[in-house]
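query25.txt (compact mmCIF, C-alpha atoms)
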# COMPACT_ATOMS: atom_id res chain seq x y z
CA MET A 1 0.00 0.00 0.00
CA ARG A 2 1.24 3.48 -0.79
CA THR A 3 1.41 6.03 2.03
CA ALA A 4 0.40 9.69 1.90
CA ALA A 5 4.07 10.63 2.12
CA ASP A 6 4.79 8.51 -0.95
CA THR A 7 2.02 10.24 -2.86
CA ARG A 8 3.15 13.71 -1.81
CA PHE A 9 6.73 12.92 -2.86
CA LEU A 10 5.68 11.66 -6.31
CA VAL A 11 3.31 14.56 -6.89
CA ASN A 12 6.09 17.03 -6.04
CA GLU A 13 8.59 15.24 -8.28
CA THR A 14 6.13 15.13 -11.18
CA LEU A 15 5.24 18.82 -10.84
CA ALA A 16 8.94 19.69 -10.65
CA LEU A 17 9.45 17.74 -13.87
CA PHE A 18 6.51 19.65 -15.37
CA GLY A 19 8.15 22.93 -14.36
CA ARG A 20 11.41 21.98 -16.03
CA LEU A 21 9.46 21.00 -19.14
CA GLN A 22 8.16 24.57 -19.30
CA THR A 23 11.72 25.80 -19.89
CA VAL A 24 11.96 23.93 -23.22
CA ARG A 25 11.31 26.74 -25.70
CA SER A 26 11.10 26.99 -29.45
CA PHE A 27 14.45 27.53 -31.18
CA SER A 28 12.80 30.53 -32.83
CA LEU A 29 12.94 32.21 -29.42
CA SER A 30 16.38 31.12 -28.29
CA THR A 31 18.78 30.87 -31.24
CA PRO A 32 20.30 34.13 -32.52
CA MET A 33 21.61 34.17 -36.08
CA VAL A 34 21.55 36.36 -39.16
CA LEU A 35 18.71 35.46 -41.50
CA ALA A 36 21.02 34.06 -44.17
CA ALA A 37 22.49 31.57 -41.67
CA ALA A 38 19.13 30.09 -40.70
CA VAL A 39 18.08 26.58 -41.64
CA SER A 40 15.42 26.36 -44.34
CA ALA A 41 11.87 27.29 -43.45
CA PRO A 42 10.63 23.69 -43.97
CA ALA A 43 13.42 22.37 -41.74
CA GLN A 44 12.76 24.89 -38.99
CA ALA A 45 9.03 24.26 -39.12
CA ALA A 46 9.55 20.48 -39.00
CA ILE A 47 11.96 20.67 -36.04
CA ASN A 48 9.76 23.03 -34.01
CA ALA A 49 6.58 21.08 -34.77
CA HIS A 50 8.25 17.79 -33.84
CA LEU A 51 9.60 19.04 -30.50
CA ALA A 52 6.31 20.77 -29.71
CA HIS A 53 4.41 17.53 -30.36
CA VAL A 54 6.70 15.56 -28.04
CA ALA A 55 6.61 18.25 -25.35
CA PHE A 56 2.83 18.66 -25.42
CA ASP A 57 2.28 14.92 -25.27
CA LEU A 58 4.59 14.70 -22.24
CA ARG A 59 2.84 17.68 -20.63
CA ARG A 60 -0.51 15.91 -21.00
CA ARG A 61 0.87 12.68 -19.54
CA LEU A 62 2.43 14.47 -16.55
CA LEU A 63 -0.82 16.24 -15.67
CA GLU A 64 -2.79 13.02 -16.07
CA PHE A 65 -0.31 11.27 -13.78
CA VAL A 66 -0.72 13.93 -11.08
CA ARG A 67 -4.51 13.65 -11.30
CA TRP A 68 -4.27 9.88 -11.10
CA LEU A 69 -1.95 10.07 -8.06
CA ARG A 70 -4.53 12.14 -6.22
CA SER A 71 -7.40 9.78 -7.07
CA PRO A 72 -8.63 6.97 -4.76
CA GLU A 73 -8.07 4.48 -7.56
CA SER A 74 -4.27 4.98 -7.52
CA ARG A 75 -3.96 4.00 -3.87
CA ARG A 76 -4.42 0.35 -4.75
CA LEU A 77 -1.01 0.41 -6.48
CA SER A 78 2.15 -0.05 -4.42
CA ALA A 79 4.72 2.70 -3.98
CA ALA A 80 7.26 0.73 -6.03
CA LYS A 81 4.93 0.30 -9.01
CA THR A 82 3.84 3.94 -8.84
CA GLN A 83 7.50 5.01 -8.77
CA ALA A 84 8.10 2.86 -11.86
CA ARG A 85 5.40 4.80 -13.72
CA TYR A 86 6.98 8.11 -12.73
CA VAL A 87 10.43 6.93 -13.85
CA LEU A 88 9.09 6.22 -17.35
CA LEU A 89 7.85 9.82 -17.56
CA LYS A 90 11.22 11.10 -16.36
CA MET A 91 13.00 9.01 -19.00
CA ARG A 92 10.69 10.44 -21.64
CA PHE A 93 11.64 13.96 -20.50
CA ASN A 94 15.33 13.09 -20.82
CA ASN A 95 14.63 11.73 -24.32
CA LEU A 96 13.14 15.10 -25.21
CA LEU A 97 16.22 16.91 -23.89
CA ASP A 98 18.47 14.59 -25.93
CA GLN A 99 16.48 15.48 -29.03
CA VAL A 100 16.71 19.19 -28.23
CA ASP A 101 20.50 18.85 -27.88
CA ILE A 102 20.76 17.13 -31.28
CA PHE A 103 19.04 20.03 -33.02
CA ALA A 104 20.81 22.60 -30.83
CA ASP A 105 24.12 21.33 -32.24
CA VAL A 106 22.79 22.19 -35.69
CA LEU A 107 21.37 25.59 -34.83
CA GLY A 108 23.78 26.90 -32.21
CA GLN A 109 26.78 27.37 -34.47
CA ARG A 110 24.67 29.30 -36.98
CA SER A 111 25.38 32.36 -34.82
CA GLU A 112 29.14 32.13 -35.55
CA HIS A 113 30.15 35.04 -37.76
CA GLY A 114 30.90 33.81 -41.28
CA THR A 115 30.65 30.13 -40.41
CA GLY A 116 26.88 30.32 -39.96
CA THR A 117 26.21 31.44 -43.52
CA TRP A 118 28.70 28.92 -44.92
CA VAL A 119 26.82 26.12 -43.17
CA ALA A 120 23.53 27.46 -44.51
CA GLY A 121 25.09 27.35 -47.98
CA LEU A 122 25.96 23.71 -47.35
CA ASP A 123 22.29 23.10 -46.56
CA VAL A 124 21.46 24.34 -50.06
CA LEU A 125 24.13 22.08 -51.58
CA ALA A 126 22.74 19.09 -49.67
CA GLU A 127 19.19 19.78 -50.82
CA ASP A 128 20.38 20.10 -54.42
CA ALA A 129 22.12 16.71 -54.26
CA LEU A 130 19.02 15.00 -52.81
CA CYS A 131 16.53 16.52 -55.24
CA LEU A 132 16.32 14.18 -58.26
CA PRO A 133 14.34 14.71 -61.46
CA GLY A 134 11.54 12.18 -61.77
CA ASN A 135 9.75 12.61 -58.43
CA TYR A 136 10.94 9.26 -57.14
CA TYR A 137 10.42 10.32 -53.52
CA GLU A 138 9.46 13.22 -51.30
CA ALA A 139 12.79 14.70 -50.22
CA PRO A 140 12.93 15.53 -46.49
CA PRO A 141 14.53 18.76 -45.24
CA LEU A 142 18.29 18.53 -44.64
CA VAL A 143 20.39 20.55 -42.21
CA CYS A 144 24.16 20.59 -41.73
CA PHE A 145 26.47 21.32 -38.83
CA LEU A 146 30.22 21.28 -38.29
CA GLU A 147 32.01 18.99 -35.88
CA ARG A 148 35.61 18.27 -35.04
CA GLY A 149 36.98 14.99 -36.25
CA HIS A 150 37.96 13.44 -39.55
CA GLY A 151 34.78 11.98 -41.00
CA ALA A 152 31.26 13.04 -41.90
CA ALA A 153 28.04 11.36 -40.76
CA ILE A 154 24.29 11.60 -41.17
CA ARG A 155 21.31 11.01 -38.93
CA ARG A 156 18.83 10.26 -41.69
CA ALA A 157 15.34 11.72 -41.71
CA ARG A 158 12.68 9.23 -40.55
CA THR A 159 15.12 7.24 -38.44
CA ARG A 160 14.79 6.87 -34.67
CA LEU A 161 15.72 9.64 -32.26
CA PRO A 162 16.28 9.01 -28.54
CA GLY A 163 12.93 7.82 -27.22
CA GLY A 164 11.91 6.20 -30.51
CA ASP A 165 10.47 9.25 -32.32
CA LEU A 166 11.24 9.63 -36.01
CA SER A 167 13.56 12.49 -36.95
CA PRO A 168 11.71 15.14 -38.98
CA VAL A 169 14.87 16.18 -40.86
CA GLY A 170 18.15 14.71 -42.01
CA VAL A 171 21.06 16.00 -39.90
CA ILE A 172 24.47 15.95 -41.63
CA GLN A 173 27.69 16.31 -39.66
CA ILE A 174 30.60 17.76 -41.63
CA PRO A 175 34.23 17.91 -40.40
CA ARG A 176 35.17 21.51 -39.64
CA GLU A 177 38.65 20.80 -41.01
CA ARG A 178 37.23 20.55 -44.55
CA LEU A 179 35.98 24.15 -44.78
CA ILE A 180 36.45 25.54 -47.33
CA GLY A 181 37.46 23.52 -50.38
CA SER A 182 35.87 21.41 -53.10
CA GLY A 183 36.55 18.27 -51.04
CA ILE A 184 33.81 19.20 -48.57
CA ALA A 185 31.22 18.51 -51.28
CA SER A 186 32.49 14.94 -51.56
CA SER A 187 31.89 14.29 -47.85
CA LEU A 188 28.56 16.11 -47.82
CA ILE A 189 27.06 14.47 -50.91
CA HIS A 190 28.31 11.07 -49.72
CA GLU A 191 26.13 11.54 -46.63
CA VAL A 192 23.24 12.78 -48.78
CA GLY A 193 23.70 9.55 -50.71
CA HIS A 194 22.89 7.55 -47.58
CA GLN A 195 19.55 9.36 -47.38
CA GLY A 196 18.81 9.06 -51.08
CA SER A 197 19.79 5.38 -51.33
CA GLU A 198 17.54 4.59 -48.39
CA LEU A 199 14.58 6.45 -49.91
CA LEU A 200 15.06 4.45 -53.13
CA ASP A 201 15.81 1.17 -51.30
CA LEU A 202 18.86 0.74 -53.54
CA THR A 203 20.88 -1.37 -51.12
CA THR A 204 18.26 -4.11 -50.83
CA SER A 205 17.61 -4.18 -54.56
CA LEU A 206 21.29 -4.31 -55.50
CA LYS A 207 22.09 -6.99 -52.95
CA GLN A 208 19.51 -9.17 -54.68
CA ALA A 209 21.07 -8.38 -58.06
CA ILE A 210 24.51 -9.36 -56.75
CA GLU A 211 23.12 -12.63 -55.40
CA ARG A 212 21.66 -13.43 -58.82
CA HIS A 213 24.95 -12.54 -60.51
CA THR A 214 26.93 -14.73 -58.14
CA ALA A 215 24.53 -17.65 -58.51
CA ALA A 216 24.79 -17.48 -62.30
CA GLY A 217 28.57 -17.03 -62.37
CA ASP A 218 31.71 -18.65 -61.04
CA ARG A 219 30.91 -19.69 -57.47
CA GLY A 220 34.59 -20.21 -56.83
CA ASN A 221 35.16 -16.47 -57.27
CA ALA A 222 32.22 -15.41 -55.07
CA LEU A 223 34.29 -13.77 -52.31
CA PRO A 224 34.86 -10.40 -54.06
CA TRP A 225 31.16 -10.10 -54.80
CA GLN A 226 30.26 -11.03 -51.23
CA LEU A 227 32.51 -8.25 -49.96
CA TYR A 228 31.13 -5.72 -52.42
CA SER A 229 27.64 -6.68 -51.27
CA ARG A 230 28.65 -6.20 -47.63
CA TRP A 231 30.12 -2.78 -48.42
CA LEU A 232 27.26 -1.77 -50.71
CA ASN A 233 25.72 0.90 -48.50
CA GLU A 234 28.96 2.92 -48.42
CA ILE A 235 29.70 2.25 -52.08
CA LEU A 236 26.31 3.61 -53.14
CA SER A 237 26.94 6.78 -51.15
CA ASP A 238 30.31 7.22 -52.88
CA CYS A 239 28.48 6.62 -56.17
CA TRP A 240 26.00 9.39 -55.28
CA ALA A 241 28.89 11.80 -54.76
CA MET A 242 30.55 10.65 -57.98
CA GLY A 243 27.37 11.11 -60.01
CA HIS A 244 27.11 14.76 -58.93
CA LEU A 245 30.76 15.79 -58.72
CA GLY A 246 32.86 13.72 -61.08
CA ILE A 247 36.55 13.56 -60.18
CA THR A 248 35.94 16.03 -57.34
CA ALA A 249 34.36 13.11 -55.46
CA THR A 250 37.47 10.95 -55.75
CA TYR A 251 39.85 13.73 -54.74
CA GLY A 252 37.67 14.44 -51.73
CA LEU A 253 37.78 10.76 -50.83
CA LEU A 254 41.57 10.74 -51.20
CA SER A 255 41.75 13.52 -48.63
CA VAL A 256 39.72 11.44 -46.16
CA VAL A 257 41.53 8.11 -46.57
CA SER A 258 45.12 9.36 -46.94
CA LEU A 259 46.34 7.65 -43.78
CA PRO A 260 49.40 5.66 -42.72
CA SER A 261 49.77 2.55 -44.87
CA TYR A 262 48.78 0.24 -42.02
CA PHE A 263 45.28 1.73 -42.02
CA VAL A 264 44.98 2.04 -45.79
CA PHE A 265 45.58 -1.71 -46.14
CA ARG A 266 43.79 -2.76 -42.95
CA ILE A 267 41.37 -5.23 -44.47
CA GLY A 268 38.32 -5.81 -42.31
CA THR A 269 35.84 -8.08 -44.05
CA ASP A 270 33.08 -7.80 -41.43
CA GLY A 271 32.46 -4.02 -41.41
CA PRO A 272 30.33 -1.79 -43.66
CA HIS A 273 33.26 0.22 -45.09
CA PRO A 274 35.60 -0.95 -47.83
CA PHE A 275 39.20 -0.67 -46.68
CA PRO A 276 40.65 2.63 -47.94
CA TRP A 277 42.85 1.30 -50.75
CA ILE A 278 40.04 -0.55 -52.53
CA ARG A 279 37.52 2.19 -51.72
CA VAL A 280 39.50 4.64 -53.84
CA LYS A 281 39.72 2.04 -56.61
CA ILE A 282 35.93 1.58 -56.49
CA SER A 283 35.44 5.34 -56.82
CA LEU A 284 37.80 5.40 -59.81
CA ALA A 285 35.96 2.51 -61.47
CA LEU A 286 32.58 4.19 -61.05
CA GLY A 287 34.00 7.45 -62.41
CA ALA A 288 35.51 5.73 -65.45
CA VAL A 289 32.08 4.32 -66.39
CA LEU A 290 30.12 7.52 -65.79
CA PHE A 291 32.66 10.00 -67.14
CA PRO A 292 35.05 8.25 -69.58
CA HIS A 293 38.38 10.12 -69.65
CA PRO A 294 42.13 9.35 -69.33
CA GLN A 295 42.19 11.15 -65.96
CA TRP A 296 40.90 8.07 -64.14
CA ALA A 297 43.77 5.85 -65.24
CA ALA A 298 46.26 8.58 -64.35
CA LEU A 299 44.81 9.01 -60.87
CA SER A 300 44.73 5.24 -60.40
CA ARG A 301 48.46 5.04 -61.16
CA GLN A 302 49.11 7.89 -58.73
CA TRP A 303 47.19 6.09 -55.98
CA GLU A 304 49.22 2.93 -56.59
CA GLU A 305 52.43 4.94 -56.35
CA LEU A 306 51.36 6.53 -53.08
CA TYR A 307 50.35 3.15 -51.61
CA PRO A 308 52.16 0.33 -53.45
CA THR A 309 51.07 -3.22 -52.74
CA ASP A 310 54.50 -4.82 -53.29
CA GLU A 311 55.32 -5.35 -49.64
CA LEU A 312 51.95 -6.71 -48.57
CA SER A 313 51.54 -10.31 -47.54
CA ALA A 314 50.64 -12.81 -50.25
CA ASP A 315 47.12 -13.24 -48.81
CA LYS A 316 46.42 -9.51 -48.96
CA ARG A 317 47.80 -9.16 -52.48
CA ASP A 318 45.71 -12.10 -53.64
CA LEU A 319 42.50 -10.63 -52.19
CA ILE A 320 43.25 -7.19 -53.68
CA ASP A 321 43.91 -8.77 -57.09
CA ARG A 322 40.59 -10.65 -56.95
CA LEU A 323 38.69 -7.53 -55.91
CA GLU A 324 40.26 -5.50 -58.72
CA ALA A 325 39.51 -8.21 -61.27
CA ALA A 326 35.80 -8.15 -60.35
CA LEU A 327 35.61 -4.36 -60.10
CA PRO A 328 34.77 -3.44 -63.74
CA ALA A 329 31.84 -5.89 -63.81
CA PHE A 330 30.70 -4.71 -60.38
CA ALA A 331 30.72 -1.03 -61.43
CA GLU A 332 28.70 -1.86 -64.55
CA LEU A 333 26.19 -3.88 -62.51
CA VAL A 334 25.66 -1.02 -60.01
CA LEU A 335 25.27 1.74 -62.58
CA ASN A 336 23.10 -0.26 -65.00
CA HIS A 337 20.84 -1.67 -62.29
CA ARG A 338 17.12 -0.89 -62.76
CA PRO A 339 15.34 -1.13 -59.39
CA LYS A 340 11.54 -0.93 -59.15
CA SER A 341 11.84 2.38 -57.28
CA LEU A 342 13.31 4.03 -60.40
CA ARG A 343 10.43 2.88 -62.62
CA GLY A 344 12.60 1.45 -65.37
CA GLN A 345 15.50 3.91 -65.13
CA ARG A 346 19.07 2.85 -64.42
CA VAL A 347 20.94 4.03 -61.31
CA ALA A 348 23.24 6.02 -63.61
CA ASP A 349 20.23 7.84 -65.09
CA ILE A 350 19.28 9.61 -61.85
CA PHE A 351 22.51 11.62 -61.82
CA PRO A 352 23.31 14.68 -64.00
CA VAL A 353 25.97 12.73 -65.88
CA ALA A 354 25.42 14.23 -69.34
CA GLU A 355 26.20 17.79 -68.26
CA ARG A 356 29.15 16.90 -66.03
CA GLN A 357 31.53 15.17 -68.39
CA PRO A 358 35.12 16.44 -67.87
CA ASP A 359 35.22 18.35 -71.16
CA GLN A 360 32.02 20.17 -70.29
CA LEU A 361 33.23 21.04 -66.79
CA GLN A 362 36.43 22.42 -68.28
CA ALA A 363 34.47 24.51 -70.81
CA LEU A 364 32.28 25.91 -68.04
CA PHE A 365 35.34 26.89 -66.05
CA GLU A 366 36.70 28.82 -69.03
CA ALA A 367 33.37 30.58 -69.52
CA TRP A 368 33.16 31.48 -65.85
CA GLN A 369 36.65 32.95 -65.94
CA GLN A 370 35.35 35.46 -68.46
CA GLN A 371 31.89 35.92 -66.93
CA PRO A 372 31.96 34.95 -63.22
CA HIS A 373 28.29 35.85 -62.72
CA LEU A 374 27.27 32.81 -64.81
CA ARG A 375 28.15 30.41 -61.98
CA GLU A 376 25.52 32.04 -59.77
CA HIS A 377 22.72 30.64 -61.93
CA VAL A 378 23.56 26.92 -61.87
CA ALA A 379 23.07 24.10 -59.38
CA PRO A 380 25.38 24.24 -56.34
CA SER A 381 26.71 20.74 -56.98
CA LEU A 382 27.69 21.78 -60.51
CA VAL A 383 29.72 24.69 -59.11
CA PHE A 384 31.67 22.29 -56.90
CA ALA A 385 32.11 19.86 -59.81
CA VAL A 386 33.53 22.61 -62.06
CA VAL A 387 35.86 24.03 -59.40
CA GLY A 388 37.01 20.55 -58.38
CA GLN A 389 37.74 19.60 -61.99
CA ALA A 390 39.72 22.81 -62.43
CA LYS A 391 41.71 22.01 -59.31
CA ALA A 392 42.41 18.48 -60.57
CA ASP A 393 43.60 20.01 -63.85
CA GLY A 394 45.87 22.50 -62.05
CA ARG A 395 43.85 25.44 -63.40
CA ILE A 396 42.95 27.00 -60.04
CA SER A 397 44.95 27.60 -56.87
CA THR A 398 43.76 26.49 -53.45
CA ASN A 399 43.42 30.15 -52.40
CA GLU A 400 41.26 30.98 -55.40
CA GLU A 401 39.23 27.81 -54.85
CA ALA A 402 38.51 28.86 -51.26
CA ARG A 403 37.61 32.39 -52.34
CA VAL A 404 35.17 31.26 -55.03
CA LEU A 405 33.48 28.62 -52.89
CA SER A 406 33.21 30.93 -49.88
CA HIS A 407 31.52 33.51 -52.09
CA MET A 408 29.12 30.93 -53.51
CA LEU A 409 28.17 29.45 -50.12
CA ASN A 410 27.30 32.92 -48.90
CA ARG A 411 25.39 33.65 -52.10
CA TRP A 412 23.28 30.48 -51.86
CA ALA A 413 22.46 31.16 -48.22
CA LEU A 414 21.49 34.75 -48.97
CA ASN A 415 19.38 33.80 -51.99
CA ARG A 416 17.47 31.24 -49.95
CA ALA A 417 16.81 33.79 -47.20
CA ARG A 418 15.54 36.29 -49.80
CA ASN A 419 13.28 33.70 -51.39
CA TYR A 420 11.67 32.86 -48.06
CA CYS A 421 11.19 36.54 -47.26
CA THR A 422 9.44 37.25 -50.58
CA ALA A 423 7.43 34.01 -50.81
CA PRO A 424 3.66 34.20 -50.16
CA ALA A 425 2.69 33.36 -46.60
CA ALA A 426 1.78 29.70 -46.13
CA PRO A 427 -1.66 28.85 -44.76
CA ALA A 428 -1.71 28.49 -40.98
CA ALA A 429 -1.41 24.89 -39.87
CA VAL A 430 -4.44 23.46 -38.11
CA SER A 431 -3.99 22.71 -34.42
CA THR A 432 -0.19 22.64 -34.59
CA PRO A 433 1.21 23.31 -31.09
CA SER A 434 3.95 25.85 -30.53
CA LEU A 435 6.66 25.38 -27.96
CA GLN A 436 6.44 29.02 -26.94
CA THR A 437 2.97 28.36 -25.48
CA ILE A 438 4.09 25.64 -23.08
Have the structure of the file written as structure tokens, please.
Amino acid sequence: MRTAADTRFLVNETLALFGRLQTVRSFSLSTPMVLAAAVSAPAQAAINAHLAHVAFDLRRRLLEFVRWLRSPESRRLSAAKTQARYVLLKMRFNNLLDQVDIFADVLGQRSEHGTGTWVAGLDVLAEDALCLPGNYYEAPPLVCFLERGHGAAIRRARTRLPGGDLSPVGVIQIPRERLIGSGIASSLIHEVGHQGSELLDLTTSLKQAIERHTAAGDRGNALPWQLYSRWLNEILSDCWAMGHLGITATYGLLSVVSLPSYFVFRIGTDGPHPFPWIRVKISLALGAVLFPHPQWAALSRQWEELYPTDELSADKRDLIDRLEAALPAFAELVLNHRPKSLRGQRVADIFPVAERQPDQLQALFEAWQQQPHLREHVAPSLVFAVVGQAKADGRISTNEEARVLSHMLNRWALNRARNYCTAPAAPAAVSTPSLQTI
């Protein structure tokens, strides 16, 4: 039986939790930033609506719990079982705070002078890379933030947040060390590729295609295909970056995986990532199919000179040789695959391949040298592809690259802010709670 003291304690604890819940406010009221540095209007609306929904539901449950505690019916439950009910509400509150912290990481650094607008420009680049012609899916809002460390990451939209709620936006973490250069687009669009591949269910479909290929082929040489299947999720994301950026994607990857030789040749066959040496080779093979040009063979030779395989053990050399032998057929299978989600189109067809051949990127660079304003009217990913190709060709210095891309990131952020300011007001949502009213 629960005592009056037990009830009083739990009521006080619940009301204290309710009071702390009242301090969770809309980011619109707490996050200072210039307008150009803000996340997109759809992203901000989705984040605020999501947190408001969670907070209002918890508010309702807390008040119902207090009313129940004070009712005669609740006295039949022991103190221990009543405490267990309260603890679940407390855990739910902590889940909400965890979610707030996730989005605060995104929004907080938007107030940094200069950096905030660059990150907003990266949002625009991410949205461009996710938006495919053909209406294959409804693209969720994407938001970026910078973090220390070497690699990028994504918390995909519609995946679980702490507490089990689905994230209303995709949150992309970008290494701060990569600002500003064309290589940052490689990391960013790779992460966008995780979101896009999931929306199209490419991994599942291609795994089935690989199984059919292996069953119909030489079963004695199945190991390379098994490994490619295991690494498929990461390979498809690299393919997404390649399809938008051309050789810029591979150079960006080189920057990430240029490590001591021990790590470059550290072959783990049970993880989701290809080991760095073969990962670069996969990128080169995909690029050679999408954008035929002698530059791929030249970069492949350079990679082999930087990380020669001569001194590896016989087992490692044998596995690398088998993987390389299967690579051309694997690249063709991936790019020519026609999943149901693409309604008869090939994987290669969803990318802007025709307009991003090396010769065309080089011609655009020459035109932009004469008329720089022309680059302000094309897709953000195309700007990075052109600048990255020019850098690979030795036509642009790293300082000029940084200057151009910094200017364009600011321009995209400012243009988006202007568009939202001049767009007609959207109809008011029906019964959508606002955090500021808690």
(request) Provide the atom CA of Ala285 of chain A to atom CA of Ala209 of chain A distance in Å, to one decimal place. (result) 18.8 Å
(request) Please identify all polymer residues within 10 Å of segment 69-81 of chain A, counting all atoms listed in the file, omitting same-chain residues fewer than 3 positions from it, and present them as number ranges by chain. (result) A: 1-4, 6-8, 10-11, 63-66, 84-87
What are the closest atom pairs, with distances in Å to one decimal, for each residue of segment 210-323 of chain A lying within 8 Å of segment 351-367 of chain A, using only C-alpha atoms, rows by chain and rising residue number, as CSV?
residue,atom,partner,partner_atom,distance
A:Trp240,CA,A:Phe351,CA,7.7
A:Gly243,CA,A:Phe351,CA,5.2
A:His244,CA,A:Phe351,CA,6.3
A:Leu245,CA,A:Arg356,CA,7.6
A:Gly246,CA,A:Arg356,CA,7.0
A:Leu290,CA,A:Val353,CA,6.7
A:Phe291,CA,A:Gln357,CA,5.4
A:Pro292,CA,A:Gln357,CA,7.9
A:His293,CA,A:Pro358,CA,7.3
Take the selection from the previous step and output its residues with C-alpha atoms, as a PDB file, keeping the file's coordinate frame.
ATOM      1  CA  TRP A 240      26.000   9.390 -55.280  1.00  0.00           C
ATOM      2  CA  GLY A 243      27.370  11.110 -60.010  1.00  0.00           C
ATOM      3  CA  HIS A 244      27.110  14.760 -58.930  1.00  0.00           C
ATOM      4  CA  LEU A 245      30.760  15.790 -58.720  1.00  0.00           C
ATOM      5  CA  GLY A 246      32.860  13.720 -61.080  1.00  0.00           C
ATOM      6  CA  LEU A 290      30.120   7.520 -65.790  1.00  0.00           C
ATOM      7  CA  PHE A 291      32.660  10.000 -67.140  1.00  0.00           C
ATOM      8  CA  PRO A 292      35.050   8.250 -69.580  1.00  0.00           C
ATOM      9  CA  HIS A 293      38.380  10.120 -69.650  1.00  0.00           C
TER      10      HIS A 293
END
(message) Using all atoms listed in the file, which protein or nucleic acid residues come within 9 Å of His273 of chain A? Drop anything in the same chain fewer than 4 positions from it, and give the result as a ChimeraX atom specification.
(response) /A:230-235,268-269,279
(request) Using all atoms listed in the file, determine which residues lie at most 10 Å from Lys340 of chain A, disregarding the query and same-chain residues fewer than 5 positions distant; provide the list as a ChimeraX atom specification. (result) /A:200-202,205,345-346
(request) Extract, using all atoms listed in the file, all DNA, RNA and protein residues at most 8 Å from Leu146 of chain A, discarding same-chain residues fewer than 2 positions from it, and format them as number ranges by chain. (result) A: 106, 109, 119, 144, 148, 173-176
(message) Please determine, counting all atoms listed in the file, which residue among A:Leu199, A:Ala41, A:Val143, A:Val192 has the shortest atom-to-atom distance to Leu342 of chain A.
(response) A:Leu199
(request) Quote the spacing between atom CA of Asp123 of chain A and atom CA of Leu179 of chain A in Å to one decimal place. (result)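 Separating atom CA of Asp123 of chain A from atom CA of Leu179 of chain A is a distance of 13.8 Å.
Between atom CA of Leu312 of chain A and atom CA of Gly252 of chain A the interatomic distance comes to 25.7 Å.
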(request) Determine the nearest neighbour of Pro42 of chain A from the options A:Leu236, A:Gly344, A:Arg411, A:Arg416, counting only C-alpha atoms. (result) A:Arg416
